[in-house]
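S.K.: Pasting upload-v6.txt here (compact mmCIF, C-alpha atoms):
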```txt
# COMPACT_ATOMS: atom_id res chain seq x y z
CA MET A 1 0.00 0.00 0.00
CA SER A 2 1.62 3.26 -1.05
CA VAL A 3 1.75 6.30 1.17
CA PRO A 4 0.03 9.29 -0.44
CA THR A 5 2.29 12.21 -1.29
CA ARG A 6 1.84 15.03 1.19
CA SER A 7 2.79 18.69 0.92
CA PRO A 8 5.16 20.15 3.53
CA ALA A 9 2.22 21.97 5.13
CA GLU A 10 0.19 18.74 5.31
CA ALA A 11 3.15 16.98 6.88
CA GLU A 12 3.41 19.77 9.48
CA VAL A 13 -0.29 19.50 10.28
CA LEU A 14 -0.04 15.73 10.66
CA GLN A 15 2.95 16.21 12.92
CA ALA A 16 0.91 18.53 15.16
CA ASN A 17 -2.02 16.12 15.00
CA GLY A 18 0.25 13.26 16.01
CA GLY A 19 1.37 15.36 18.97
CA PHE A 20 -2.18 15.34 20.26
CA TYR A 21 -2.37 11.53 20.20
CA ARG A 22 1.07 11.19 21.75
CA ALA A 23 0.14 13.59 24.57
CA PHE A 24 -3.03 11.60 25.22
CA SER A 25 -1.34 8.20 25.01
CA GLN A 26 1.49 9.27 27.30
CA GLY A 27 -0.83 11.03 29.76
CA ASP A 28 1.29 14.15 29.27
CA ALA A 29 -0.79 17.08 30.50
CA ALA A 30 2.01 19.61 29.83
CA ALA A 31 2.29 18.51 26.19
CA MET A 32 -1.50 18.63 25.91
CA ASP A 33 -1.47 22.20 27.24
CA ASP A 34 1.29 23.22 24.86
CA LEU A 35 -0.44 22.00 21.72
CA TRP A 36 -3.67 24.00 22.12
CA ALA A 37 -3.80 27.51 20.66
CA VAL A 38 -3.16 30.38 23.03
CA ARG A 39 -4.68 33.32 21.14
CA ALA A 40 -7.44 31.77 19.03
CA GLU A 41 -10.59 30.60 20.80
CA VAL A 42 -10.75 26.85 21.41
CA ALA A 43 -13.51 24.28 21.87
CA CYS A 44 -13.66 20.55 22.55
CA PHE A 45 -16.31 17.85 22.41
CA HIS A 46 -15.33 14.75 24.39
CA PRO A 47 -17.25 11.67 23.16
CA GLY A 48 -20.97 11.98 23.92
CA SER A 49 -20.45 15.08 26.07
CA PRO A 50 -21.48 18.73 25.86
CA VAL A 51 -19.00 21.15 24.32
CA VAL A 52 -16.24 22.63 26.47
CA LEU A 53 -15.50 26.24 25.48
CA GLY A 54 -12.38 28.28 26.25
CA ARG A 55 -8.76 27.35 26.85
CA GLU A 56 -8.87 27.06 30.64
CA ALA A 57 -11.96 24.86 30.63
CA VAL A 58 -10.67 22.69 27.77
CA LEU A 59 -7.29 22.16 29.41
CA GLU A 60 -8.89 21.43 32.79
CA SER A 61 -11.09 18.80 31.11
CA TRP A 62 -7.98 17.16 29.63
CA ARG A 63 -6.08 17.26 32.93
CA GLN A 64 -9.02 15.50 34.57
CA ILE A 65 -9.25 12.87 31.80
CA LEU A 66 -5.50 12.19 31.83
CA ARG A 67 -5.54 11.94 35.62
CA GLU A 68 -8.53 9.63 35.93
CA ARG A 69 -8.47 7.32 32.92
CA PRO A 70 -6.59 4.07 32.85
CA PRO A 71 -3.58 4.63 30.56
CA PHE A 72 -3.96 3.41 26.97
CA ALA A 73 -2.55 4.26 23.58
CA LEU A 74 -4.96 6.17 21.33
CA ARG A 75 -4.38 5.83 17.58
CA CYS A 76 -5.36 8.24 14.81
CA ASP A 77 -6.23 6.08 11.77
CA ARG A 78 -6.60 7.26 8.17
CA PRO A 79 -6.03 10.98 8.81
CA ALA A 80 -7.21 13.23 5.96
CA VAL A 81 -6.05 16.86 5.85
CA GLN A 82 -8.00 19.86 4.53
CA LEU A 83 -5.63 22.83 4.19
CA LEU A 84 -7.39 26.20 4.39
CA GLY A 85 -4.56 28.74 4.46
CA ASP A 86 -3.53 29.22 8.08
CA THR A 87 -6.22 26.80 9.26
CA ALA A 88 -6.24 23.06 8.72
CA ILE A 89 -8.73 20.31 9.46
CA VAL A 90 -7.82 16.69 10.13
CA THR A 91 -10.54 14.04 10.03
CA CYS A 92 -9.70 10.56 11.28
CA TYR A 93 -10.78 7.56 13.31
CA GLU A 94 -9.58 6.95 16.84
CA GLY A 95 -8.83 3.51 18.20
CA ALA A 96 -7.41 2.21 21.47
CA GLY A 97 -4.35 -0.04 21.37
CA HIS A 98 -4.86 -2.63 18.64
CA GLN A 99 -8.67 -2.51 18.75
CA PRO A 100 -10.72 -1.37 15.76
CA ALA A 101 -11.38 2.39 15.80
CA HIS A 102 -14.48 3.25 17.83
CA LEU A 103 -14.55 7.05 17.43
CA ALA A 104 -14.89 9.50 14.54
CA ALA A 105 -12.80 12.62 15.08
CA THR A 106 -12.21 16.10 13.74
CA ASN A 107 -9.19 18.12 14.78
CA VAL A 108 -8.81 21.75 13.66
CA PHE A 109 -5.50 23.60 13.82
CA VAL A 110 -4.43 27.20 13.26
CA ARG A 111 -0.96 28.51 12.62
CA GLU A 112 0.18 30.63 15.58
CA ASP A 113 3.73 32.01 15.48
CA GLY A 114 4.67 29.49 12.82
CA ARG A 115 3.30 26.47 14.74
CA TRP A 116 0.12 24.54 14.07
CA ARG A 117 -1.91 24.56 17.27
CA MET A 118 -5.24 22.92 18.02
CA VAL A 119 -8.43 24.99 18.22
CA LEU A 120 -11.06 22.24 18.04
CA HIS A 121 -11.36 18.56 18.83
CA GLN A 122 -14.54 16.59 18.40
CA ALA A 123 -14.66 12.85 18.94
CA GLY A 124 -17.90 10.91 18.76
CA PRO A 125 -18.88 7.24 18.71
CA LEU A 126 -18.98 5.28 15.46
CA SER A 127 -21.99 3.00 15.00
CA ARG A 128 -19.66 0.23 13.80
CA PRO A 129 -15.98 -0.04 14.69
CA ILE A 130 -13.60 0.48 11.76
CA PRO A 131 -10.74 -2.04 11.47
CA ARG A 132 -7.23 -0.77 11.96
CA PRO A 133 -5.65 -0.13 8.55
CA PRO A 134 -2.35 -1.66 7.54
CA THR A 135 0.53 0.53 8.65
CA PRO A 136 1.69 3.19 7.90
CA SER A 137 -1.65 5.02 7.74
CA SER A 138 -1.92 5.41 11.52
CA PHE A 139 -0.19 8.66 12.50
CA ASN A 140 0.73 9.23 16.09
CA MET B 141 -32.08 36.16 28.96
CA SER B 142 -29.98 38.61 26.98
CA VAL B 143 -28.68 37.89 23.51
CA PRO B 144 -24.86 38.06 23.40
CA THR B 145 -23.41 40.83 21.24
CA ARG B 146 -22.07 39.43 17.99
CA SER B 147 -19.62 40.96 15.53
CA PRO B 148 -20.75 41.41 11.91
CA ALA B 149 -18.53 38.48 10.88
CA GLU B 150 -20.04 36.25 13.58
CA ALA B 151 -23.52 37.22 12.42
CA GLU B 152 -22.57 36.32 8.84
CA VAL B 153 -21.22 32.94 9.96
CA LEU B 154 -24.38 32.23 11.94
CA GLN B 155 -26.44 33.19 8.92
CA ALA B 156 -24.54 30.66 6.79
CA ASN B 157 -24.84 28.09 9.56
CA GLY B 158 -28.58 28.69 9.74
CA GLY B 159 -28.75 28.09 6.00
CA PHE B 160 -27.49 24.56 6.56
CA TYR B 161 -30.27 23.79 9.07
CA ARG B 162 -32.89 25.40 6.84
CA ALA B 163 -31.74 23.37 3.83
CA PHE B 164 -31.93 20.19 5.89
CA SER B 165 -35.28 21.01 7.47
CA GLN B 166 -36.82 21.95 4.13
CA GLY B 167 -35.29 18.96 2.32
CA ASP B 168 -33.77 21.44 -0.13
CA ALA B 169 -30.97 19.60 -1.95
CA ALA B 170 -30.19 22.61 -4.19
CA ALA B 171 -29.70 24.88 -1.18
CA MET B 172 -27.58 22.17 0.47
CA ASP B 173 -25.42 21.99 -2.66
CA ASP B 174 -25.07 25.76 -2.79
CA LEU B 175 -23.87 26.16 0.76
CA TRP B 176 -20.88 23.80 0.57
CA ALA B 177 -17.53 25.23 -0.58
CA VAL B 178 -16.61 24.76 -4.22
CA ARG B 179 -12.84 25.28 -4.15
CA ALA B 180 -11.80 24.22 -0.67
CA GLU B 181 -11.81 20.51 0.14
CA VAL B 182 -14.82 19.35 2.12
CA ALA B 183 -15.59 16.50 4.52
CA CYS B 184 -18.64 15.30 6.42
CA PHE B 185 -19.33 12.89 9.27
CA HIS B 186 -22.97 11.86 9.47
CA PRO B 187 -23.88 10.60 12.97
CA GLY B 188 -22.08 7.35 13.76
CA SER B 189 -20.82 6.96 10.18
CA PRO B 190 -17.43 6.94 8.48
CA VAL B 191 -16.21 10.22 7.02
CA VAL B 192 -17.34 11.26 3.54
CA LEU B 193 -14.54 13.07 1.67
CA GLY B 194 -14.88 15.34 -1.38
CA ARG B 195 -17.64 17.59 -2.67
CA GLU B 196 -19.35 15.10 -4.97
CA ALA B 197 -19.47 12.35 -2.37
CA VAL B 198 -20.61 14.72 0.39
CA LEU B 199 -23.40 16.20 -1.75
CA GLU B 200 -24.50 12.76 -2.92
CA SER B 201 -24.74 11.66 0.73
CA TRP B 202 -26.94 14.67 1.48
CA ARG B 203 -29.16 14.08 -1.55
CA GLN B 204 -29.69 10.51 -0.38
CA ILE B 205 -30.45 11.59 3.20
CA LEU B 206 -32.87 14.31 2.09
CA ARG B 207 -34.59 11.89 -0.28
CA GLU B 208 -34.95 9.02 2.16
CA ARG B 209 -35.54 10.51 5.59
CA PRO B 210 -38.96 11.44 6.89
CA PRO B 211 -39.12 15.25 6.87
CA PHE B 212 -38.43 16.96 10.18
CA ALA B 213 -37.11 20.30 11.37
CA LEU B 214 -33.54 20.17 12.67
CA ARG B 215 -32.58 22.87 15.16
CA CYS B 216 -29.13 24.27 15.93
CA ASP B 217 -29.10 25.11 19.65
CA ARG B 218 -26.57 27.28 21.49
CA PRO B 219 -24.26 27.95 18.53
CA ALA B 220 -20.82 29.22 19.53
CA VAL B 221 -18.57 30.80 16.90
CA GLN B 222 -14.76 30.67 16.72
CA LEU B 223 -13.54 33.21 14.16
CA LEU B 224 -10.16 32.33 12.62
CA GLY B 225 -9.68 34.91 9.86
CA ASP B 226 -11.28 33.53 6.72
CA THR B 227 -12.25 30.32 8.51
CA ALA B 228 -14.89 29.98 11.20
CA ILE B 229 -16.03 27.12 13.42
CA VAL B 230 -19.53 26.78 14.84
CA THR B 231 -20.14 24.28 17.65
CA CYS B 232 -23.73 23.55 18.61
CA TYR B 233 -26.30 20.92 19.55
CA GLU B 234 -28.80 19.55 17.07
CA GLY B 235 -32.37 18.68 17.98
CA ALA B 236 -35.39 17.53 16.02
CA GLY B 237 -38.61 19.53 16.26
CA HIS B 238 -39.22 20.37 19.91
CA GLN B 239 -37.27 17.41 21.27
CA PRO B 240 -34.14 17.89 23.41
CA ALA B 241 -30.96 18.02 21.33
CA HIS B 242 -29.57 14.54 20.67
CA LEU B 243 -26.46 15.40 18.62
CA ALA B 244 -23.26 17.38 19.18
CA ALA B 245 -22.15 19.18 16.01
CA THR B 246 -19.23 21.06 14.54
CA ASN B 247 -19.62 23.10 11.36
CA VAL B 248 -16.60 24.73 9.72
CA PHE B 249 -16.90 27.48 7.12
CA VAL B 250 -14.45 29.28 4.85
CA ARG B 251 -14.94 32.58 3.07
CA GLU B 252 -15.09 31.96 -0.69
CA ASP B 253 -15.79 34.99 -2.92
CA GLY B 254 -17.11 36.91 0.06
CA ARG B 255 -19.50 34.15 1.17
CA TRP B 256 -19.12 31.78 4.12
CA ARG B 257 -19.36 28.25 2.78
CA MET B 258 -19.25 24.95 4.63
CA VAL B 259 -16.14 22.76 4.50
CA LEU B 260 -16.84 20.37 7.37
CA HIS B 261 -19.82 19.01 9.24
CA GLN B 262 -19.56 16.49 12.04
CA ALA B 263 -22.58 15.41 14.04
CA GLY B 264 -22.36 12.70 16.68
CA PRO B 265 -24.65 11.34 19.38
CA LEU B 266 -24.79 12.93 22.83
CA SER B 267 -24.82 10.52 25.77
CA ARG B 268 -27.64 12.55 27.35
CA PRO B 269 -30.06 14.76 25.43
CA ILE B 270 -29.67 18.49 26.12
CA PRO B 271 -32.91 20.42 26.72
CA ARG B 272 -33.92 23.03 24.20
CA PRO B 273 -32.82 26.45 25.46
CA PRO B 274 -35.23 29.35 25.76
CA THR B 275 -35.45 31.26 22.50
CA PRO B 276 -33.69 33.11 20.94
CA SER B 277 -30.60 30.93 21.27
CA SER B 278 -31.68 28.48 18.57
CA PHE B 279 -30.45 29.76 15.21
CA ASN B 280 -31.93 28.38 12.03
```
Would you mind writing the file's structure down as structure tokens?

M.R.:
Amino acid sequence: MSVPTRSPAEAEVLQANGGFYRAFSQGDAAAMDDLWAVRAEVACFHPGSPVVLGREAVLESWRQILRERPPFALRCDRPAVQLLGDTAIVTCYEGAGHQPAHLAATNVFVREDGRWRMVLHQAGPLSRPIPRPPTPSSFN
Amino acid sequence: MSVPTRSPAEAEVLQANGGFYRAFSQGDAAAMDDLWAVRAEVACFHPGSPVVLGREAVLESWRQILRERPPFALRCDRPAVQLLGDTAIVTCYEGAGHQPAHLAATNVFVREDGRWRMVLHQAGPLSRPIPRPPTPSSFN
């Protein structure tokens, strides 16, 4: 299976997107804090839950999740990038460990001071799990 | 309950966002087609389903939904706007008729030729329905 050609900007966005899944998987609250935008407004939908608005509330929700959940690796399968100038959208499927993906996700990034930083995350349940693709289309 | 002050750009985004819910509620496939971006890449997650990528596939999915579903009014409750230059994100809850909202939704728009047009829609189930707010915070 060939890897699709990606532009440098797409590669940068996927790198930032991978940072989100690494921060989650490693339970790294400081990395999670660092990857969210600091000037642009931010919002986050955790699966099945009401929206969390604003940086402080979003980061507090992540600190609580990372503190309370049992540790597990979260994958981002089949990421697709929409580049919109200084904004970029990543759509993907999220799966735990080696399990089929159980969540549909959107991650939106903006470029702040030359770095892609997250402004929106929405993850919601899939009706049917989606099998893990052959590597290398999982990006963490 | 006071209505929050909105900038002209926020009002424009909410107007475009309302167009999406009107097109759905009225089963208007032509209006649905018109409101999606034509140059920027687009993507759509219908509730519980895998992502649909690309304008033709997204519009075909909407034509099928509008053709096959029983007609009902879809509300957008408590929309919150994140303005990111020529991109804007709306987060909200979706409810049918007078029922509590049963879906969490993200809608992303870009400015194309002076018009805000949709580039992403994700709707996913809420674990607990969210009661309809007092008017006027539903925007259709």

S.K.: Compute the chain A side of the contact with chain B at 10 Å, counting all atoms listed in the file, and hand it back as a PyMOL selection string.

M.R.: chain A and resi 40-53+80-93+102-106+108-111+119-130

S.K.: Work out how far apart atom CA of Glu94 of chain A and atom CA of Leu74 of chain A are and give it in Å to one decimal.

M.R.: 6.5 Å

S.K.: Which distance in Å separates atom CA of His238 of chain B and atom CA of Thr275 of chain B, to one decimal?

M.R.: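 Answer for the atom CA of His238 of chain B to atom CA of Thr275 of chain B separation: 11.8 Å.
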
S.K.: As a PyMOL selection string, please: the residues near Gly167 of chain B (cut-off 9 Å, only C-alpha atoms, same-chain neighbours under 5 positions excluded).

M.R.: chain B and resi 162+172+203+205-207+211-212

S.K.: When distances are computed from all atoms listed in the file, which of B:Arg195, B:Asp253, B:Trp202, B:Pro219 shows the smallest separation from Ala163 of chain B?

M.R.: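 The shortest atom-to-atom distance to Ala163 of chain B comes from B:Trp202.
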
S.K.: Which distance in Å separates atom CA of Arg6 of chain A and atom CA of Gly254 of chain B, to one decimal?

M.R.: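 Separation between atom CA of Arg6 of chain A and atom CA of Gly254 of chain B: 29.0 Å.
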
S.K.: Have a look at B:Pro210, B:Ala241, B:Arg272, B:Asn247 and name the one nearest to Ser165 of chain B; count only C-alpha atoms.

M.R.: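 Closest to Ser165 of chain B of all the choices is B:Pro210.
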
S.K.: Of the candidates B:Val198, B:Ala156, B:Pro273, B:Asp173, which one gets nearest to Arg215 of chain B if we count only C-alpha atoms?

M.R.: B:Pro273

S.K.: Leaving out Gly19 of chain A and any residue of its chain fewer than 5 positions from it, which residues lie within 10 Å of it when counting all atoms listed in the file, given as a list in words?

M.R.: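 The contact residues come out as Val13, Leu14, Phe24, Ser25, Ala31, Met32, Asp34, Leu35, Arg117, Phe139 and Asn140 of chain A.
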
S.K.: For the structure just given, write the atoms of segment 53-80 of chain A, namely N, CA, C and O atoms, as a PDB file, in the first residue's frame.

M.R.:
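Result saved to result00.pdb:
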```
ATOM      1  N   LEU A  53     -15.917  25.027  26.187  1.00  0.00           N
ATOM      2  CA  LEU A  53     -15.499  26.241  25.482  1.00  0.00           C
ATOM      3  C   LEU A  53     -14.443  26.998  26.280  1.00  0.00           C
ATOM      4  O   LEU A  53     -14.601  27.178  27.497  1.00  0.00           O
ATOM      5  N   GLY A  54     -13.388  27.442  25.602  1.00  0.00           N
ATOM      6  CA  GLY A  54     -12.382  28.280  26.250  1.00  0.00           C
ATOM      7  C   GLY A  54     -11.181  27.466  26.705  1.00  0.00           C
ATOM      8  O   GLY A  54     -11.305  26.325  27.153  1.00  0.00           O
ATOM      9  N   ARG A  55     -10.006  28.085  26.604  1.00  0.00           N
ATOM     10  CA  ARG A  55      -8.759  27.353  26.847  1.00  0.00           C
ATOM     11  C   ARG A  55      -8.682  26.761  28.254  1.00  0.00           C
ATOM     12  O   ARG A  55      -8.318  25.609  28.428  1.00  0.00           O
ATOM     13  N   GLU A  56      -8.998  27.568  29.258  1.00  0.00           N
ATOM     14  CA  GLU A  56      -8.867  27.060  30.636  1.00  0.00           C
ATOM     15  C   GLU A  56      -9.763  25.856  30.874  1.00  0.00           C
ATOM     16  O   GLU A  56      -9.347  24.858  31.451  1.00  0.00           O
ATOM     17  N   ALA A  57     -11.003  25.957  30.416  1.00  0.00           N
ATOM     18  CA  ALA A  57     -11.961  24.859  30.635  1.00  0.00           C
ATOM     19  C   ALA A  57     -11.547  23.622  29.839  1.00  0.00           C
ATOM     20  O   ALA A  57     -11.635  22.486  30.331  1.00  0.00           O
ATOM     21  N   VAL A  58     -11.091  23.826  28.604  1.00  0.00           N
ATOM     22  CA  VAL A  58     -10.672  22.687  27.769  1.00  0.00           C
ATOM     23  C   VAL A  58      -9.474  21.992  28.404  1.00  0.00           C
ATOM     24  O   VAL A  58      -9.453  20.767  28.546  1.00  0.00           O
ATOM     25  N   LEU A  59      -8.485  22.786  28.823  1.00  0.00           N
ATOM     26  CA  LEU A  59      -7.286  22.159  29.410  1.00  0.00           C
ATOM     27  C   LEU A  59      -7.611  21.489  30.738  1.00  0.00           C
ATOM     28  O   LEU A  59      -7.066  20.423  31.049  1.00  0.00           O
ATOM     29  N   GLU A  60      -8.502  22.071  31.524  1.00  0.00           N
ATOM     30  CA  GLU A  60      -8.890  21.431  32.790  1.00  0.00           C
ATOM     31  C   GLU A  60      -9.584  20.097  32.510  1.00  0.00           C
ATOM     32  O   GLU A  60      -9.354  19.112  33.210  1.00  0.00           O
ATOM     33  N   SER A  61     -10.413  20.065  31.440  1.00  0.00           N
ATOM     34  CA  SER A  61     -11.086  18.799  31.108  1.00  0.00           C
ATOM     35  C   SER A  61     -10.065  17.739  30.718  1.00  0.00           C
ATOM     36  O   SER A  61     -10.186  16.566  31.093  1.00  0.00           O
ATOM     37  N   TRP A  62      -9.019  18.129  30.003  1.00  0.00           N
ATOM     38  CA  TRP A  62      -7.981  17.165  29.625  1.00  0.00           C
ATOM     39  C   TRP A  62      -7.165  16.710  30.827  1.00  0.00           C
ATOM     40  O   TRP A  62      -6.826  15.546  30.956  1.00  0.00           O
ATOM     41  N   ARG A  63      -6.840  17.656  31.726  1.00  0.00           N
ATOM     42  CA  ARG A  63      -6.080  17.265  32.927  1.00  0.00           C
ATOM     43  C   ARG A  63      -6.861  16.223  33.717  1.00  0.00           C
ATOM     44  O   ARG A  63      -6.300  15.237  34.184  1.00  0.00           O
ATOM     45  N   GLN A  64      -8.173  16.438  33.823  1.00  0.00           N
ATOM     46  CA  GLN A  64      -9.017  15.495  34.571  1.00  0.00           C
ATOM     47  C   GLN A  64      -9.045  14.132  33.878  1.00  0.00           C
ATOM     48  O   GLN A  64      -8.900  13.093  34.523  1.00  0.00           O
ATOM     49  N   ILE A  65      -9.206  14.133  32.550  1.00  0.00           N
ATOM     50  CA  ILE A  65      -9.245  12.870  31.796  1.00  0.00           C
ATOM     51  C   ILE A  65      -7.917  12.130  31.932  1.00  0.00           C
ATOM     52  O   ILE A  65      -7.880  10.927  32.195  1.00  0.00           O
ATOM     53  N   LEU A  66      -6.815  12.851  31.772  1.00  0.00           N
ATOM     54  CA  LEU A  66      -5.499  12.193  31.826  1.00  0.00           C
ATOM     55  C   LEU A  66      -5.190  11.681  33.231  1.00  0.00           C
ATOM     56  O   LEU A  66      -4.469  10.693  33.394  1.00  0.00           O
ATOM     57  N   ARG A  67      -5.757  12.352  34.237  1.00  0.00           N
ATOM     58  CA  ARG A  67      -5.536  11.938  35.622  1.00  0.00           C
ATOM     59  C   ARG A  67      -6.369  10.699  35.952  1.00  0.00           C
ATOM     60  O   ARG A  67      -5.889   9.812  36.650  1.00  0.00           O
ATOM     61  N   GLU A  68      -7.573  10.637  35.456  1.00  0.00           N
ATOM     62  CA  GLU A  68      -8.534   9.634  35.929  1.00  0.00           C
ATOM     63  C   GLU A  68      -8.626   8.381  35.072  1.00  0.00           C
ATOM     64  O   GLU A  68      -9.059   7.348  35.541  1.00  0.00           O
ATOM     65  N   ARG A  69      -8.278   8.486  33.794  1.00  0.00           N
ATOM     66  CA  ARG A  69      -8.472   7.325  32.915  1.00  0.00           C
ATOM     67  C   ARG A  69      -7.371   6.297  33.164  1.00  0.00           C
ATOM     68  O   ARG A  69      -6.251   6.663  33.519  1.00  0.00           O
ATOM     69  N   PRO A  70      -7.684   5.029  32.885  1.00  0.00           N
ATOM     70  CA  PRO A  70      -6.586   4.066  32.847  1.00  0.00           C
ATOM     71  C   PRO A  70      -5.738   4.369  31.616  1.00  0.00           C
ATOM     72  O   PRO A  70      -6.278   4.751  30.570  1.00  0.00           O
ATOM     73  N   PRO A  71      -4.420   4.260  31.708  1.00  0.00           N
ATOM     74  CA  PRO A  71      -3.583   4.627  30.557  1.00  0.00           C
ATOM     75  C   PRO A  71      -3.785   3.682  29.378  1.00  0.00           C
ATOM     76  O   PRO A  71      -3.877   2.472  29.558  1.00  0.00           O
ATOM     77  N   PHE A  72      -3.932   4.217  28.192  1.00  0.00           N
ATOM     78  CA  PHE A  72      -3.964   3.413  26.967  1.00  0.00           C
ATOM     79  C   PHE A  72      -3.518   4.263  25.790  1.00  0.00           C
ATOM     80  O   PHE A  72      -3.617   5.493  25.831  1.00  0.00           O
ATOM     81  N   ALA A  73      -3.008   3.566  24.777  1.00  0.00           N
ATOM     82  CA  ALA A  73      -2.551   4.257  23.575  1.00  0.00           C
ATOM     83  C   ALA A  73      -3.752   4.532  22.681  1.00  0.00           C
ATOM     84  O   ALA A  73      -4.566   3.647  22.420  1.00  0.00           O
ATOM     85  N   LEU A  74      -3.881   5.781  22.232  1.00  0.00           N
ATOM     86  CA  LEU A  74      -4.963   6.170  21.327  1.00  0.00           C
ATOM     87  C   LEU A  74      -4.364   6.416  19.946  1.00  0.00           C
ATOM     88  O   LEU A  74      -3.455   7.228  19.790  1.00  0.00           O
ATOM     89  N   ARG A  75      -4.867   5.678  18.951  1.00  0.00           N
ATOM     90  CA  ARG A  75      -4.379   5.831  17.581  1.00  0.00           C
ATOM     91  C   ARG A  75      -5.245   6.825  16.809  1.00  0.00           C
ATOM     92  O   ARG A  75      -6.434   6.981  17.076  1.00  0.00           O
ATOM     93  N   CYS A  76      -4.635   7.426  15.784  1.00  0.00           N
ATOM     94  CA  CYS A  76      -5.362   8.236  14.806  1.00  0.00           C
ATOM     95  C   CYS A  76      -5.221   7.528  13.461  1.00  0.00           C
ATOM     96  O   CYS A  76      -4.156   7.568  12.841  1.00  0.00           O
ATOM     97  N   ASP A  77      -6.271   6.855  13.025  1.00  0.00           N
ATOM     98  CA  ASP A  77      -6.231   6.082  11.773  1.00  0.00           C
ATOM     99  C   ASP A  77      -6.740   6.919  10.596  1.00  0.00           C
ATOM    100  O   ASP A  77      -7.684   7.695  10.739  1.00  0.00           O
ATOM    101  N   ARG A  78      -6.144   6.692   9.437  1.00  0.00           N
ATOM    102  CA  ARG A  78      -6.597   7.257   8.166  1.00  0.00           C
ATOM    103  C   ARG A  78      -6.812   8.780   8.221  1.00  0.00           C
ATOM    104  O   ARG A  78      -7.861   9.283   7.814  1.00  0.00           O
ATOM    105  N   PRO A  79      -5.838   9.530   8.743  1.00  0.00           N
ATOM    106  CA  PRO A  79      -6.032  10.979   8.809  1.00  0.00           C
ATOM    107  C   PRO A  79      -6.105  11.594   7.419  1.00  0.00           C
ATOM    108  O   PRO A  79      -5.309  11.256   6.544  1.00  0.00           O
ATOM    109  N   ALA A  80      -7.070  12.476   7.222  1.00  0.00           N
ATOM    110  CA  ALA A  80      -7.214  13.227   5.964  1.00  0.00           C
ATOM    111  C   ALA A  80      -7.129  14.708   6.308  1.00  0.00           C
ATOM    112  O   ALA A  80      -7.776  15.160   7.259  1.00  0.00           O
TER     113      ALA A  80
END
```
